[in-house]
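> My questions will all concern the structure given below.
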Amino acid sequence: MQMLLNWGIGLSNVFLTPVNLLLLLLGTLLGMIVGALPGLNSPIAMSIMIPLTYGMDPGAALCILAGIYTGSTCGGSVSSILLEVPGTGAAVVTAFDGHEMYRKGQGGLALGISSVSSVVGGIIAAIVLGACAPFVAAQALKFGAPEYLMLSVMGFASVIGMSNGRMSKNIMAMLIGLLISVIGISPQGGIKRFTFGTHALLEGIPLVPMLIGMFGIGAIISTISDMKLGKTASETVKQTMQRVKVEYPDRKMIKSFLPIWAQSSVIGNIVGAIPGAGMTVAIFMAYDQVKRYRRDLEFGTGIPEGVAAPECANKAVVGSSMIPLLALGVPGNPASSLFLGALLIHGLRTGPKFFVESSDVAYTLIAAFFTASIALLPVMHIFVNYMATYVLRLRYEVLNGLILILCVTGAFATGNNDTYIVFAIVFGVIGFVLKKFHIPFGPLVLATVLGSMLESYYIQSMVTLRGNFSGMLQRPICVGLLLLSVFFLLMPLKRFLKKKKEEIKVIKAWVEIKNWALKNRIQIHEEIPQELLEFKVIKFCLQPLVENSVLHGMEHVENGEIWIRAFCQGNRVCIVIQDNGIGMDEERLREIMADLDINRKRRHVTGIGLTSIHELMQVKYGPEFGLAIESEIGAGTKVYVHLPYERKDKNHAEGSDCG
Amino acid sequence: MKKNKYAEYIFSLILLLIGAAVLIIGSDFRGNDKYFPVIIGTGMMITAIWMAWEDRKQETACIDLAKINFVAVGITIVALVVYMVLFRLIGYVFSTILLGTSIILGLRYNSVRGAVLWPALMVLVVFVIFRILLKVPLPVLLL
């Protein structure tokens, strides 16, 4: 009953307060614009907006931020579908089928499916957030200092264990964050630590200018570093992008999506609630699941279900990622750390007491997520139908300059102090360097936030337990949290073992491809040496290539044949997929090869998924790897997949053909 | 290719040195105040070595120096540093317009008029929002 009452208060704060509702809609639109622009994302927009919320009441501030976070996740799918360039990481998978639909003339429908799926995922996540966060917070109220200490440890373990990428870099990010958190006057002895005689560092590094620097200025310098001077993406967009209008899925289609939405939102909510797991994990899992669920469909060729699943999952992550922040005070991802920053400006701190001391603010935020999810439908309609083509033509040179202006102004406004500009710029440069060396921001920000808390609770725990840490093992919650920490830290080991299994899956994938091709009366021949059968390949990378051969090359070929060969070539493995299909003329081949140039800002031509696979390989393995194509009209097509040969046993490998 | 590898090693080395500095400075702190800095410094040194070890094993570097537009990055960083100085000397309005203009022109935007007008317009909007609506005392020495 109390919860319903709180929900009512939250919803009335959003719906019945015109300013809040307006800010929420504006935030959603702004988020969508930012999300649609490749290179920009929600943390940038949120870090710029935080200082603007300074003069607002907390409810209004959270409304605009919730709108930006929700809108940007949806906006990413617009450029993903229209340009095959995901606006945000959350929309990477959407490009697989979404852009194919656009090429088939179903771009409007893809965008409609994306928006409806987003609404469903967002609403479910808001409800889950509203139900789970207060419950978890109520349990956490029973915590003492040792439990909080273990909770902080679990937060770190989760972010390190669940994050993608190298564990060493995740740990380094966490240590850098902890180092930032110890700067200033120490909580116990009151001595100056790492202040270097500067008064500006006595109070430590202020969180908001640091976030503005890392997420705003750092990201802009990074975007600038990727720019090719003189070339503009906007001109290419102007020449190639067709205008589309949103078309919504009919009742029959919606009915068929229901189970997909259900499983994708479950995935999104679970993954989102785990600190550090992130959106990318959720979208790939959702896509993988829908592929298993609908084995009859050829994903990657413009299947609506391939848009519905990741779009529903990423919106589910948006809401559920707030559970650890609101209930435990642990920001699980960069966006939630920005919410924490915004609340700190207003003198509020999330955690177990948040639902007791500021329940109206907490439920306003939950209601804001709920409302923003509903608002996605009209806002995306307006954005796609009337604004998208103009937004995607924005000049990056101008945009970067203007965003930097907002960042430095915002940093100043946070403390009315020009030292804050210095902090923001210094952290901008640090953020840029860390980004280039793939040091993740998530663990760093979490450690910065939790660092001082961890130190205080450590000291308090020592007092509570009278210096005897084994006393922790007599506290059931501590033991539970310790076990969870161990579980999260073991996750990389589990992933390592899973990788091994996936190597074997490649063999199974051949069999699947074969069965699928036989139905279409196409012969598949394979010449793969035994040692390469267990070779690691990126998921979804080979099957689409074979499917391409069949769909684009053999539509009208009576006795189609595909050869799959693999061989070693120096320090690389080459997989060749050759068909005896219709082939391509020189112009088409040139277009496709030009499209594979990763340095081009806008690439759209192939529409046969090659760009995504090539880009994925180059990002993962380096610029010298990826795809190459040979083709001739009437003589078929050869696609070369170049991958690095990772020697498991150097001595053995050197003696083999690959050496 | 080799340059990328060296860049990774240098990065690890810098982190190792920072870790060592944190450890040395931190061990001078009194009582409980030194525990965390010592743990962090030691952790950074170990992790930096671990990173370098992993980099050595990997065939390709995570950073690709050839893809970084150092000229554009340099222009942006220099503009930001100059901005920090100018902000105190000539106030918010002019220094911020100069910052925006220099970055836009530095990125070879083809219209000088646009490069001045866009930042000026943005500064005007921001100025109205912050100074007038939010009452943030942006310094306006020359206005």
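Scheme for the structure tokens: letters A, B, ... for chains in order shown; per-chain residue numbers from 1; ligand numbers from 1 in order shown.
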For chain A, work out the contacting residues on chain B at 6 Å, counting only C-alpha atoms, and write them as a list in words.

Ile40, Met51, Ile63, Ile68, Asn69, Val73, Gly100, Ile103, Ile104, Leu107 and Leu134 of chain B

> Those residues with all heavy atoms, as a tab-separated table (two decimals), in the first residue's frame please?


```
chain	number	residue	atom	x	y	z
B	40	ILE	N	47.27	1.03	-2.60
B	40	ILE	CA	47.03	1.52	-3.97
B	40	ILE	C	48.35	1.56	-4.75
B	40	ILE	O	48.42	1.08	-5.89
B	40	ILE	CB	46.36	2.92	-3.94
B	40	ILE	CG1	44.95	2.82	-3.36
B	40	ILE	CG2	46.32	3.53	-5.34
B	40	ILE	CD1	44.37	4.17	-2.95
B	51	MET	N	50.01	-5.58	-16.83
B	51	MET	CA	49.57	-5.03	-18.12
B	51	MET	C	50.66	-5.14	-19.17
B	51	MET	O	50.42	-5.55	-20.31
B	51	MET	CB	49.17	-3.55	-17.95
B	51	MET	CG	47.75	-3.37	-17.44
B	51	MET	SD	47.41	-1.67	-16.94
B	51	MET	CE	47.80	-0.75	-18.38
B	63	ILE	N	46.26	0.31	-28.82
B	63	ILE	CA	46.28	1.69	-29.33
B	63	ILE	C	46.84	1.67	-30.75
B	63	ILE	O	47.73	0.89	-31.07
B	63	ILE	CB	47.10	2.62	-28.40
B	63	ILE	CG1	46.93	4.06	-28.83
B	63	ILE	CG2	48.58	2.24	-28.37
B	63	ILE	CD1	47.36	5.06	-27.80
B	68	ILE	N	45.38	8.31	-34.71
B	68	ILE	CA	45.14	9.49	-33.87
B	68	ILE	C	45.58	10.73	-34.62
B	68	ILE	O	46.71	10.81	-35.11
B	68	ILE	CB	45.89	9.37	-32.52
B	68	ILE	CG1	45.37	8.16	-31.76
B	68	ILE	CG2	45.74	10.64	-31.70
B	68	ILE	CD1	46.10	7.87	-30.47
B	69	ASN	N	44.67	11.66	-34.70
B	69	ASN	CA	44.98	12.92	-35.37
B	69	ASN	C	45.66	13.85	-34.35
B	69	ASN	O	45.01	14.62	-33.66
B	69	ASN	CB	43.66	13.53	-35.88
B	69	ASN	CG	43.89	14.73	-36.73
B	69	ASN	OD1	44.93	15.39	-36.65
B	69	ASN	ND2	42.92	15.04	-37.56
B	73	VAL	N	44.30	17.01	-31.92
B	73	VAL	CA	44.34	16.85	-30.46
B	73	VAL	C	45.21	17.95	-29.85
B	73	VAL	O	44.85	18.58	-28.84
B	73	VAL	CB	44.88	15.45	-30.06
B	73	VAL	CG1	45.10	15.35	-28.57
B	73	VAL	CG2	43.90	14.39	-30.50
B	100	GLY	N	36.03	28.43	-28.49
B	100	GLY	CA	35.17	27.78	-29.48
B	100	GLY	C	35.67	28.03	-30.90
B	100	GLY	O	35.81	27.11	-31.70
B	103	ILE	N	38.95	26.20	-31.78
B	103	ILE	CA	38.78	24.75	-31.99
B	103	ILE	C	38.08	24.48	-33.32
B	103	ILE	O	38.51	23.63	-34.10
B	103	ILE	CB	38.05	24.11	-30.80
B	103	ILE	CG1	39.04	24.00	-29.66
B	103	ILE	CG2	37.50	22.73	-31.15
B	103	ILE	CD1	38.50	23.61	-28.37
B	104	ILE	N	37.05	25.25	-33.60
B	104	ILE	CA	36.32	25.02	-34.86
B	104	ILE	C	37.23	25.31	-36.06
B	104	ILE	O	37.27	24.52	-37.02
B	104	ILE	CB	35.04	25.90	-34.89
B	104	ILE	CG1	34.06	25.42	-33.81
B	104	ILE	CG2	34.38	25.85	-36.26
B	104	ILE	CD1	32.87	26.32	-33.58
B	107	LEU	N	39.91	22.67	-36.54
B	107	LEU	CA	39.42	21.45	-37.18
B	107	LEU	C	39.09	21.69	-38.65
B	107	LEU	O	38.39	20.89	-39.28
B	107	LEU	CB	38.19	20.92	-36.43
B	107	LEU	CG	38.46	20.49	-34.98
B	107	LEU	CD1	37.18	20.07	-34.28
B	107	LEU	CD2	39.45	19.34	-34.93
B	134	LEU	N	20.30	31.14	-13.70
B	134	LEU	CA	20.81	30.34	-12.58
B	134	LEU	C	21.65	31.16	-11.59
B	134	LEU	O	22.11	30.63	-10.58
B	134	LEU	CB	21.65	29.17	-13.11
B	134	LEU	CG	20.94	28.14	-13.98
B	134	LEU	CD1	21.92	27.08	-14.47
B	134	LEU	CD2	19.81	27.47	-13.22
```

> For a quick check of understanding, using only C-alpha atoms, which of B:Trp50, B:Gly41, B:Phe36, B:Ala115 has the smallest distance to Ser181 (chain A)?

B:Phe36

> Excluding Ala368 (chain A) and its own-chain neighbours fewer than 4 positions away, which residues fall within 6 Å of it when counting only C-alpha atoms? Please give them as a PyMOL selection string.

chain A and resi 63+364+372

> Quick check, in Å to one decimal: how far apart do CA of Phe196 (chain A) and CA of Val445 (chain A) lie?

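Answer for the CA of Phe196 (chain A) to CA of Val445 (chain A) separation: 22.7 Å.
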
> If we count only C-alpha atoms, what is near Ile75 (chain B) at a cut-off of 8 Å, once residues fewer than 3 positions away on the same chain are taken out, given as a PyMOL selection string?

chain B and resi 71-72+78-79+103+106

> Tell me, as a short mmCIF file (atom, residue, chain, number, x, y, z; two decimals) with C-alpha atoms, in the first residue's frame, which residues lie within 6 Å of Gly75 (chain A), counting only C-alpha atoms; anything in the same chain fewer than 4 positions away does not count.


```cif
data_model
loop_
_atom_site.label_atom_id
_atom_site.label_comp_id
_atom_site.auth_asym_id
_atom_site.auth_seq_id
_atom_site.Cartn_x
_atom_site.Cartn_y
_atom_site.Cartn_z
CA MET A 32 17.82 11.20 -28.72
CA GLY A 35 22.43 9.36 -29.05
CA ALA A 36 21.89 9.55 -32.80
CA GLY A 71 16.42 9.08 -25.04
#
```

> With distances taken over only C-alpha atoms, which of B:Val136, B:Met44, B:Met122, B:Ala7 is nearest to Ala61 (chain B)?

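Using only C-alpha atoms, Ala61 (chain B) sits closest to B:Ala7.
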
> Assign secondary structure with DSSP using the backbone only, and return the residues of chain B in alpha helix (DSSP H) as a PyMOL selection string.

chain B and resi 2-26+35-57+70-90+92-106+112-127
